[in-house]
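K.L.:
start24.txt (compact mmCIF, N, CA and C atoms) pasted underneath:
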```txt
# COMPACT_ATOMS: atom_id res chain seq x y z
N MET A 1 26.22 -5.94 41.68
CA MET A 1 27.21 -6.11 40.66
C MET A 1 27.38 -4.78 39.93
N THR A 2 28.60 -4.33 39.80
CA THR A 2 28.86 -3.05 39.16
C THR A 2 28.70 -3.16 37.65
N LEU A 3 28.68 -2.02 37.01
CA LEU A 3 28.53 -1.97 35.56
C LEU A 3 29.72 -2.62 34.86
N ILE A 4 30.91 -2.39 35.37
CA ILE A 4 32.11 -2.98 34.78
C ILE A 4 32.10 -4.49 34.92
N ALA A 5 31.69 -4.98 36.08
CA ALA A 5 31.62 -6.43 36.29
C ALA A 5 30.57 -7.07 35.37
N ARG A 6 29.46 -6.38 35.15
CA ARG A 6 28.44 -6.90 34.24
C ARG A 6 28.97 -6.95 32.81
N PHE A 7 29.79 -5.97 32.45
CA PHE A 7 30.33 -5.93 31.10
C PHE A 7 31.34 -7.04 30.87
N PHE A 8 32.19 -7.30 31.87
CA PHE A 8 33.26 -8.29 31.70
C PHE A 8 32.86 -9.71 32.09
N ALA A 9 31.67 -9.92 32.62
CA ALA A 9 31.25 -11.28 33.00
C ALA A 9 31.18 -12.22 31.79
N PRO A 10 30.60 -11.81 30.66
CA PRO A 10 30.62 -12.72 29.51
C PRO A 10 32.03 -12.97 28.97
N VAL A 11 32.89 -11.98 29.07
CA VAL A 11 34.27 -12.15 28.60
C VAL A 11 35.00 -13.17 29.47
N LEU A 12 34.75 -13.14 30.77
CA LEU A 12 35.40 -14.09 31.67
C LEU A 12 34.90 -15.52 31.44
N SER A 13 33.66 -15.65 31.00
CA SER A 13 33.15 -17.00 30.73
C SER A 13 33.78 -17.60 29.47
N LEU A 14 34.38 -16.77 28.63
CA LEU A 14 35.06 -17.29 27.44
C LEU A 14 36.24 -18.18 27.81
N ARG A 15 36.84 -17.95 28.96
CA ARG A 15 37.96 -18.78 29.40
C ARG A 15 37.55 -20.23 29.56
N ARG A 16 36.29 -20.48 29.90
CA ARG A 16 35.81 -21.85 30.03
C ARG A 16 35.27 -22.38 28.72
N ILE A 17 34.69 -21.51 27.91
CA ILE A 17 34.01 -21.95 26.69
C ILE A 17 34.99 -22.23 25.56
N LEU A 18 35.95 -21.34 25.34
CA LEU A 18 36.85 -21.48 24.20
C LEU A 18 37.65 -22.78 24.18
N PRO A 19 38.20 -23.25 25.29
CA PRO A 19 38.89 -24.56 25.22
C PRO A 19 37.97 -25.71 24.83
N ILE A 20 36.72 -25.68 25.27
CA ILE A 20 35.78 -26.73 24.89
C ILE A 20 35.49 -26.65 23.39
N LEU A 21 35.26 -25.44 22.89
CA LEU A 21 35.03 -25.27 21.46
C LEU A 21 36.22 -25.73 20.64
N TRP A 22 37.41 -25.33 21.08
CA TRP A 22 38.62 -25.67 20.32
C TRP A 22 38.89 -27.16 20.34
N HIS A 23 38.68 -27.80 21.48
CA HIS A 23 38.97 -29.23 21.60
C HIS A 23 37.95 -30.08 20.83
N SER A 24 36.72 -29.64 20.79
CA SER A 24 35.69 -30.45 20.15
C SER A 24 35.68 -30.30 18.63
N SER A 25 36.00 -29.11 18.12
CA SER A 25 35.94 -28.91 16.66
C SER A 25 36.79 -27.72 16.26
N ARG A 26 38.05 -27.97 16.00
CA ARG A 26 38.97 -26.88 15.63
C ARG A 26 38.60 -26.26 14.29
N SER A 27 38.33 -27.09 13.31
CA SER A 27 38.07 -26.57 11.97
C SER A 27 36.79 -25.73 11.93
N TRP A 28 35.74 -26.19 12.63
CA TRP A 28 34.50 -25.42 12.65
C TRP A 28 34.67 -24.13 13.45
N THR A 29 35.52 -24.15 14.47
CA THR A 29 35.78 -22.92 15.23
C THR A 29 36.46 -21.88 14.35
N LEU A 30 37.47 -22.31 13.61
CA LEU A 30 38.16 -21.38 12.71
C LEU A 30 37.25 -20.90 11.59
N LEU A 31 36.50 -21.82 10.99
CA LEU A 31 35.60 -21.45 9.90
C LEU A 31 34.50 -20.51 10.39
N GLY A 32 33.93 -20.81 11.53
CA GLY A 32 32.89 -19.94 12.10
C GLY A 32 33.40 -18.55 12.42
N THR A 33 34.61 -18.49 12.96
CA THR A 33 35.20 -17.19 13.28
C THR A 33 35.47 -16.39 12.01
N ALA A 34 36.00 -17.04 11.00
CA ALA A 34 36.27 -16.35 9.73
C ALA A 34 34.98 -15.87 9.08
N LEU A 35 33.95 -16.70 9.11
CA LEU A 35 32.68 -16.30 8.51
C LEU A 35 32.01 -15.17 9.29
N MET A 36 32.13 -15.19 10.61
CA MET A 36 31.57 -14.08 11.39
C MET A 36 32.32 -12.78 11.12
N ALA A 37 33.64 -12.87 10.95
CA ALA A 37 34.43 -11.67 10.62
C ALA A 37 34.02 -11.15 9.24
N LEU A 38 33.82 -12.05 8.28
CA LEU A 38 33.37 -11.64 6.95
C LEU A 38 31.98 -11.02 7.01
N GLU A 39 31.13 -11.57 7.85
CA GLU A 39 29.78 -11.03 8.02
C GLU A 39 29.84 -9.60 8.55
N VAL A 40 30.66 -9.37 9.55
CA VAL A 40 30.78 -8.03 10.13
C VAL A 40 31.37 -7.06 9.11
N ALA A 41 32.44 -7.48 8.43
CA ALA A 41 33.10 -6.60 7.45
C ALA A 41 32.16 -6.27 6.29
N SER A 42 31.44 -7.26 5.79
CA SER A 42 30.54 -6.98 4.67
C SER A 42 29.35 -6.15 5.12
N GLY A 43 28.89 -6.33 6.34
CA GLY A 43 27.81 -5.49 6.86
C GLY A 43 28.23 -4.03 6.96
N LEU A 44 29.45 -3.81 7.44
CA LEU A 44 29.96 -2.44 7.50
C LEU A 44 30.17 -1.86 6.10
N ALA A 45 30.60 -2.70 5.16
CA ALA A 45 30.77 -2.24 3.78
C ALA A 45 29.44 -1.84 3.16
N VAL A 46 28.39 -2.60 3.45
CA VAL A 46 27.06 -2.26 2.94
C VAL A 46 26.62 -0.90 3.50
N LEU A 47 26.83 -0.68 4.79
CA LEU A 47 26.46 0.61 5.38
C LEU A 47 27.23 1.76 4.74
N TYR A 48 28.54 1.57 4.54
CA TYR A 48 29.35 2.61 3.94
C TYR A 48 28.92 2.89 2.50
N LEU A 49 28.69 1.83 1.72
CA LEU A 49 28.28 2.02 0.33
C LEU A 49 26.90 2.66 0.24
N PHE A 50 26.01 2.33 1.16
CA PHE A 50 24.70 2.96 1.18
C PHE A 50 24.82 4.45 1.48
N LYS A 51 25.72 4.80 2.39
CA LYS A 51 25.97 6.21 2.70
C LYS A 51 26.52 6.93 1.47
N GLN A 52 27.45 6.28 0.76
CA GLN A 52 28.00 6.87 -0.46
C GLN A 52 26.92 7.04 -1.52
N LEU A 53 26.01 6.06 -1.61
CA LEU A 53 24.92 6.14 -2.57
C LEU A 53 24.01 7.32 -2.26
N VAL A 54 23.70 7.50 -0.99
CA VAL A 54 22.87 8.64 -0.59
C VAL A 54 23.59 9.95 -0.90
N ASP A 55 24.89 10.01 -0.66
CA ASP A 55 25.65 11.22 -0.97
C ASP A 55 25.63 11.54 -2.46
N VAL A 56 25.77 10.52 -3.29
CA VAL A 56 25.76 10.72 -4.75
C VAL A 56 24.38 11.19 -5.21
N VAL A 57 23.34 10.58 -4.69
CA VAL A 57 21.98 10.97 -5.10
C VAL A 57 21.67 12.38 -4.64
N THR A 58 22.03 12.74 -3.43
CA THR A 58 21.77 14.11 -2.98
C THR A 58 22.62 15.11 -3.76
N GLY A 59 23.83 14.71 -4.15
CA GLY A 59 24.63 15.59 -5.00
C GLY A 59 24.02 15.76 -6.37
N MET A 60 23.45 14.71 -6.90
CA MET A 60 22.77 14.81 -8.20
C MET A 60 21.55 15.71 -8.11
N LEU A 61 20.78 15.55 -7.03
CA LEU A 61 19.58 16.36 -6.87
C LEU A 61 19.92 17.83 -6.64
N ALA A 62 21.08 18.10 -6.08
CA ALA A 62 21.51 19.49 -5.88
C ALA A 62 22.04 20.08 -7.18
N GLY A 63 22.26 19.26 -8.18
CA GLY A 63 22.68 19.75 -9.48
C GLY A 63 24.18 19.87 -9.65
N GLU A 64 24.95 19.16 -8.83
CA GLU A 64 26.41 19.29 -8.91
C GLU A 64 27.00 18.47 -10.05
N GLY A 65 26.38 17.44 -10.48
CA GLY A 65 26.95 16.61 -11.54
C GLY A 65 25.90 15.69 -12.10
N ALA A 66 24.83 16.24 -12.59
CA ALA A 66 23.70 15.43 -13.02
C ALA A 66 23.97 14.68 -14.32
N GLU A 67 24.93 15.16 -15.13
CA GLU A 67 25.12 14.52 -16.44
C GLU A 67 25.74 13.14 -16.33
N GLY A 68 26.71 12.93 -15.47
CA GLY A 68 27.35 11.62 -15.34
C GLY A 68 26.96 10.90 -14.07
N GLY A 69 26.04 11.46 -13.32
CA GLY A 69 25.69 10.91 -12.02
C GLY A 69 24.87 9.64 -12.08
N ALA A 70 24.14 9.44 -13.17
CA ALA A 70 23.30 8.23 -13.25
C ALA A 70 24.15 6.97 -13.26
N TRP A 71 25.26 6.99 -14.00
CA TRP A 71 26.15 5.83 -14.03
C TRP A 71 26.82 5.62 -12.69
N GLN A 72 27.11 6.71 -12.02
CA GLN A 72 27.72 6.60 -10.68
C GLN A 72 26.72 5.99 -9.69
N VAL A 73 25.46 6.41 -9.79
CA VAL A 73 24.42 5.84 -8.92
C VAL A 73 24.26 4.35 -9.20
N LEU A 74 24.22 3.99 -10.47
CA LEU A 74 24.09 2.57 -10.82
C LEU A 74 25.29 1.76 -10.33
N GLY A 75 26.47 2.35 -10.39
CA GLY A 75 27.66 1.67 -9.88
C GLY A 75 27.57 1.41 -8.38
N PHE A 76 27.12 2.43 -7.64
CA PHE A 76 26.98 2.25 -6.19
C PHE A 76 25.85 1.28 -5.85
N VAL A 77 24.80 1.28 -6.64
CA VAL A 77 23.71 0.33 -6.41
C VAL A 77 24.22 -1.10 -6.63
N ALA A 78 25.01 -1.29 -7.70
CA ALA A 78 25.56 -2.62 -7.98
C ALA A 78 26.53 -3.05 -6.88
N LEU A 79 27.40 -2.15 -6.44
CA LEU A 79 28.34 -2.49 -5.36
C LEU A 79 27.61 -2.80 -4.06
N THR A 80 26.60 -2.00 -3.75
CA THR A 80 25.83 -2.24 -2.53
C THR A 80 25.09 -3.57 -2.61
N GLY A 81 24.53 -3.88 -3.77
CA GLY A 81 23.85 -5.16 -3.95
C GLY A 81 24.81 -6.34 -3.83
N GLY A 82 26.00 -6.20 -4.41
CA GLY A 82 27.00 -7.27 -4.30
C GLY A 82 27.44 -7.49 -2.87
N CYS A 83 27.71 -6.41 -2.16
CA CYS A 83 28.11 -6.54 -0.75
C CYS A 83 26.97 -7.10 0.10
N THR A 84 25.74 -6.75 -0.25
CA THR A 84 24.59 -7.30 0.48
C THR A 84 24.49 -8.81 0.26
N LEU A 85 24.73 -9.26 -0.96
CA LEU A 85 24.71 -10.70 -1.22
C LEU A 85 25.83 -11.41 -0.46
N ILE A 86 27.01 -10.80 -0.42
CA ILE A 86 28.12 -11.38 0.35
C ILE A 86 27.76 -11.44 1.82
N PHE A 87 27.14 -10.37 2.33
CA PHE A 87 26.73 -10.33 3.73
C PHE A 87 25.73 -11.44 4.04
N LEU A 88 24.72 -11.59 3.18
CA LEU A 88 23.70 -12.61 3.44
C LEU A 88 24.26 -14.02 3.32
N ALA A 89 25.13 -14.24 2.35
CA ALA A 89 25.74 -15.57 2.20
C ALA A 89 26.64 -15.90 3.39
N SER A 90 27.44 -14.93 3.82
CA SER A 90 28.32 -15.19 4.97
C SER A 90 27.50 -15.37 6.25
N ARG A 91 26.39 -14.66 6.36
CA ARG A 91 25.53 -14.83 7.53
C ARG A 91 24.93 -16.23 7.56
N SER A 92 24.48 -16.70 6.41
CA SER A 92 23.90 -18.05 6.34
C SER A 92 24.95 -19.12 6.62
N MET A 93 26.13 -18.95 6.03
CA MET A 93 27.20 -19.93 6.24
C MET A 93 27.70 -19.90 7.68
N ALA A 94 27.73 -18.72 8.30
CA ALA A 94 28.13 -18.65 9.71
C ALA A 94 27.10 -19.36 10.59
N GLY A 95 25.83 -19.23 10.25
CA GLY A 95 24.79 -19.95 10.98
C GLY A 95 24.94 -21.46 10.85
N LEU A 96 25.27 -21.90 9.63
CA LEU A 96 25.52 -23.32 9.41
C LEU A 96 26.72 -23.80 10.22
N ALA A 97 27.77 -23.00 10.25
CA ALA A 97 28.96 -23.37 11.03
C ALA A 97 28.64 -23.43 12.52
N ARG A 98 27.83 -22.49 13.01
CA ARG A 98 27.45 -22.51 14.43
C ARG A 98 26.62 -23.75 14.76
N GLU A 99 25.71 -24.12 13.86
CA GLU A 99 24.90 -25.32 14.09
C GLU A 99 25.76 -26.57 14.11
N ALA A 100 26.65 -26.70 13.14
CA ALA A 100 27.51 -27.88 13.09
C ALA A 100 28.42 -27.93 14.30
N GLN A 101 28.96 -26.79 14.67
CA GLN A 101 29.84 -26.73 15.83
C GLN A 101 29.06 -27.06 17.11
N GLY A 102 27.85 -26.59 17.21
CA GLY A 102 27.02 -26.90 18.38
C GLY A 102 26.76 -28.38 18.53
N MET A 103 26.51 -29.06 17.41
CA MET A 103 26.30 -30.51 17.47
C MET A 103 27.57 -31.23 17.88
N LEU A 104 28.73 -30.78 17.36
CA LEU A 104 29.99 -31.42 17.73
C LEU A 104 30.34 -31.18 19.19
N VAL A 105 30.04 -29.99 19.69
CA VAL A 105 30.29 -29.70 21.11
C VAL A 105 29.38 -30.56 21.98
N ALA A 106 28.12 -30.71 21.60
CA ALA A 106 27.19 -31.55 22.37
C ALA A 106 27.67 -33.00 22.39
N ASP A 107 28.14 -33.50 21.24
CA ASP A 107 28.68 -34.86 21.20
C ASP A 107 29.92 -34.99 22.07
N HIS A 108 30.78 -33.99 22.04
CA HIS A 108 32.00 -34.01 22.85
C HIS A 108 31.66 -34.04 24.34
N ILE A 109 30.72 -33.22 24.76
CA ILE A 109 30.32 -33.18 26.18
C ILE A 109 29.66 -34.50 26.57
N ASP A 110 28.84 -35.05 25.70
CA ASP A 110 28.22 -36.36 25.99
C ASP A 110 29.28 -37.45 26.15
N ARG A 111 30.31 -37.44 25.29
CA ARG A 111 31.39 -38.42 25.42
C ARG A 111 32.14 -38.24 26.73
N GLU A 112 32.38 -36.98 27.11
CA GLU A 112 33.08 -36.72 28.37
C GLU A 112 32.26 -37.22 29.56
N ILE A 113 30.96 -36.95 29.53
CA ILE A 113 30.10 -37.41 30.62
C ILE A 113 30.08 -38.93 30.67
N HIS A 114 29.96 -39.57 29.53
CA HIS A 114 29.93 -41.04 29.48
C HIS A 114 31.26 -41.61 29.97
N THR A 115 32.38 -41.04 29.53
CA THR A 115 33.70 -41.53 29.95
C THR A 115 33.87 -41.41 31.45
N ARG A 116 33.47 -40.29 32.01
CA ARG A 116 33.62 -40.09 33.46
C ARG A 116 32.66 -40.98 34.25
N ALA A 117 31.48 -41.23 33.71
CA ALA A 117 30.53 -42.11 34.41
C ALA A 117 31.03 -43.55 34.42
N VAL A 118 31.60 -44.00 33.31
CA VAL A 118 32.16 -45.35 33.25
C VAL A 118 33.35 -45.45 34.19
N ARG A 119 34.21 -44.43 34.19
CA ARG A 119 35.37 -44.42 35.07
C ARG A 119 34.94 -44.45 36.53
N ALA A 120 33.86 -43.75 36.87
CA ALA A 120 33.36 -43.75 38.25
C ALA A 120 32.76 -45.11 38.62
N ASP A 121 32.09 -45.75 37.67
CA ASP A 121 31.52 -47.07 37.93
C ASP A 121 32.61 -48.12 38.14
N LEU A 122 33.69 -48.02 37.38
CA LEU A 122 34.76 -49.00 37.50
C LEU A 122 35.66 -48.76 38.68
N ALA A 123 35.59 -47.57 39.26
CA ALA A 123 36.48 -47.28 40.39
C ALA A 123 36.05 -47.91 41.68
```
Translate this file's structure into structure tokens.
P.N.:
Amino acid sequence: MTLIARFFAPVLSLRRILPILWHSSRSWTLLGTALMALEVASGLAVLYLFKQLVDVVTGMLAGEGAEGGAWQVLGFVALTGGCTLIFLASRSMAGLAREAQGMLVADHIDREIHTRAVRADLA
């Protein structure tokens, strides 16, 4: 199997998985997707704010603006902490959405198996 085929194999399996997810629980699929997007965005925001915080602290230590830099550092610490809380909350809620969606998908597959087994017995 080539490297490209290995890369696209999980993407090709989405063609089978996504209709099952959508049919079994539309609202949890949308909510889970939105929460995962929020998780990614807030994680990137935390990384960016942490980089900005390091830049401000190194600028203060170099003596470029030590007089007003303490408030700037505290501002970046507060922003980074807020984004971290958003990241952790969205991560937890996305996990909850995945669990709920997983249970609904399992119930949907069980119903399909039961329906087909009854249909085969009656045929």
K.L.:
Could you check how far atom C of Leu30 (chain A) sits from atom N of Arg98 (chain A), in Å to one decimal?
P.N.:
9.7 Å
K.L.:
I'd like the neighbourhood of Ala34 (chain A) as a VMD selection string, where a residue qualifies if any of its atoms comes within 12 Å (using only C-alpha atoms), though same-chain residues fewer than 4 positions away should be ignored.
P.N.:
chain A and resid 27 to 30 38 to 41 90 to 91 93 to 94 97 to 98
K.L.:
To one decimal place in Å, what is the distance between CA of Thr80 (chain A) and atom C of Gln52 (chain A)?
P.N.:
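For CA of Thr80 (chain A) relative to atom C of Gln52 (chain A), the distance reads 9.4 Å.
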K.L.:
Which residue out of A:Thr115, A:Thr2, A:Thr33, A:Ser42 has the minimum interatomic distance to Leu85 (chain A) when only C-alpha atoms are used?
P.N.:
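Closest candidate: A:Ser42.
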K.L.:
Using only C-alpha atoms, can you tell me which of A:Leu53, A:Ile86, A:Asp110, A:Pro19 comes closest to Ala70 (chain A)?
P.N.:
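Going through A:Leu53, A:Ile86, A:Asp110, A:Pro19 one by one, the smallest distance to Ala70 (chain A) is for A:Leu53.
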K.L.:
Given only C-alpha atoms as the basis, pick out the residue of A:Met36, A:Trp22, A:Gly82, A:Ser13 nearest to Leu49 (chain A).
P.N.:
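That would be A:Gly82, the residue with the smallest distance to Leu49 (chain A).
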K.L.:
State, in Å with one decimal place, the distance from atom N of Asp55 (chain A) to atom C of Leu88 (chain A).
P.N.:
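So the answer is 24.4 Å.
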K.L.:
Complete region 11-22 of chain A at the level of all heavy atoms, written as a CSV table (one decimal), in the frame of the given file.
P.N.:
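Generated output (result.csv):
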```csv
chain,number,residue,atom,x,y,z
A,11,VAL,N,32.9,-12.0,29.1
A,11,VAL,CA,34.3,-12.2,28.6
A,11,VAL,C,35.0,-13.2,29.5
A,11,VAL,O,35.8,-14.0,29.0
A,11,VAL,CB,35.0,-10.8,28.6
A,11,VAL,CG1,36.5,-11.0,28.2
A,11,VAL,CG2,34.3,-9.8,27.6
A,12,LEU,N,34.8,-13.1,30.8
A,12,LEU,CA,35.4,-14.1,31.7
A,12,LEU,C,34.9,-15.5,31.4
A,12,LEU,O,35.6,-16.5,31.7
A,12,LEU,CB,35.2,-13.7,33.1
A,12,LEU,CG,35.9,-12.4,33.5
A,12,LEU,CD1,35.5,-12.0,35.0
A,12,LEU,CD2,37.4,-12.5,33.4
A,13,SER,N,33.7,-15.6,31.0
A,13,SER,CA,33.2,-17.0,30.7
A,13,SER,C,33.8,-17.6,29.5
A,13,SER,O,33.7,-18.8,29.3
A,13,SER,CB,31.6,-17.0,30.6
A,13,SER,OG,31.2,-16.3,29.5
A,14,LEU,N,34.4,-16.8,28.6
A,14,LEU,CA,35.1,-17.3,27.4
A,14,LEU,C,36.2,-18.2,27.8
A,14,LEU,O,36.6,-19.1,27.0
A,14,LEU,CB,35.5,-16.1,26.6
A,14,LEU,CG,34.5,-15.4,25.8
A,14,LEU,CD1,35.1,-14.2,25.0
A,14,LEU,CD2,33.8,-16.3,24.8
A,15,ARG,N,36.8,-18.0,29.0
A,15,ARG,CA,38.0,-18.8,29.4
A,15,ARG,C,37.6,-20.2,29.6
A,15,ARG,O,38.4,-21.1,29.4
A,15,ARG,CB,38.5,-18.3,30.7
A,15,ARG,CG,39.3,-17.0,30.6
A,15,ARG,CD,39.8,-16.4,31.9
A,15,ARG,NE,40.5,-17.5,32.6
A,15,ARG,CZ,40.9,-17.4,33.8
A,15,ARG,NH1,40.6,-16.3,34.5
A,15,ARG,NH2,41.5,-18.4,34.4
A,16,ARG,N,36.3,-20.5,29.9
A,16,ARG,CA,35.8,-21.8,30.0
A,16,ARG,C,35.3,-22.4,28.7
A,16,ARG,O,35.4,-23.6,28.4
A,16,ARG,CB,34.7,-21.9,31.1
A,16,ARG,CG,35.2,-21.6,32.5
A,16,ARG,CD,34.0,-21.7,33.4
A,16,ARG,NE,32.9,-20.8,32.9
A,16,ARG,CZ,31.9,-20.4,33.6
A,16,ARG,NH1,31.8,-20.7,34.9
A,16,ARG,NH2,31.0,-19.6,33.1
A,17,ILE,N,34.7,-21.5,27.9
A,17,ILE,CA,34.0,-22.0,26.7
A,17,ILE,C,35.0,-22.2,25.6
A,17,ILE,O,34.9,-23.2,24.9
A,17,ILE,CB,33.0,-20.9,26.3
A,17,ILE,CG1,31.9,-20.8,27.3
A,17,ILE,CG2,32.4,-21.2,24.9
A,17,ILE,CD1,30.9,-19.7,27.1
A,18,LEU,N,36.0,-21.3,25.3
A,18,LEU,CA,36.8,-21.5,24.2
A,18,LEU,C,37.6,-22.8,24.2
A,18,LEU,O,37.8,-23.4,23.1
A,18,LEU,CB,37.8,-20.3,24.1
A,18,LEU,CG,37.1,-19.0,23.6
A,18,LEU,CD1,38.1,-17.8,23.6
A,18,LEU,CD2,36.5,-19.2,22.2
A,19,PRO,N,38.2,-23.2,25.3
A,19,PRO,CA,38.9,-24.6,25.2
A,19,PRO,C,38.0,-25.7,24.8
A,19,PRO,O,38.4,-26.6,24.1
A,19,PRO,CB,39.4,-24.7,26.6
A,19,PRO,CG,39.5,-23.4,27.2
A,19,PRO,CD,38.4,-22.6,26.6
A,20,ILE,N,36.7,-25.7,25.3
A,20,ILE,CA,35.8,-26.7,24.9
A,20,ILE,C,35.5,-26.6,23.4
A,20,ILE,O,35.5,-27.7,22.7
A,20,ILE,CB,34.5,-26.6,25.7
A,20,ILE,CG1,34.8,-26.9,27.2
A,20,ILE,CG2,33.4,-27.6,25.2
A,20,ILE,CD1,33.6,-26.6,28.1
A,21,LEU,N,35.3,-25.4,22.9
A,21,LEU,CA,35.0,-25.3,21.5
A,21,LEU,C,36.2,-25.7,20.6
A,21,LEU,O,36.1,-26.4,19.6
A,21,LEU,CB,34.7,-23.8,21.1
A,21,LEU,CG,33.4,-23.2,21.6
A,21,LEU,CD1,33.4,-21.7,21.3
A,21,LEU,CD2,32.3,-24.0,20.9
A,22,TRP,N,37.4,-25.3,21.1
A,22,TRP,CA,38.6,-25.7,20.3
A,22,TRP,C,38.9,-27.2,20.3
A,22,TRP,O,39.3,-27.7,19.3
A,22,TRP,CB,39.8,-24.9,20.9
A,22,TRP,CG,41.0,-25.1,20.1
A,22,TRP,CD1,42.1,-25.8,20.4
A,22,TRP,CD2,41.3,-24.4,18.8
A,22,TRP,NE1,43.1,-25.7,19.4
A,22,TRP,CE2,42.6,-24.9,18.4
A,22,TRP,CE3,40.6,-23.6,18.0
A,22,TRP,CZ2,43.2,-24.5,17.2
A,22,TRP,CZ3,41.2,-23.2,16.8
A,22,TRP,CH2,42.5,-23.6,16.5
```
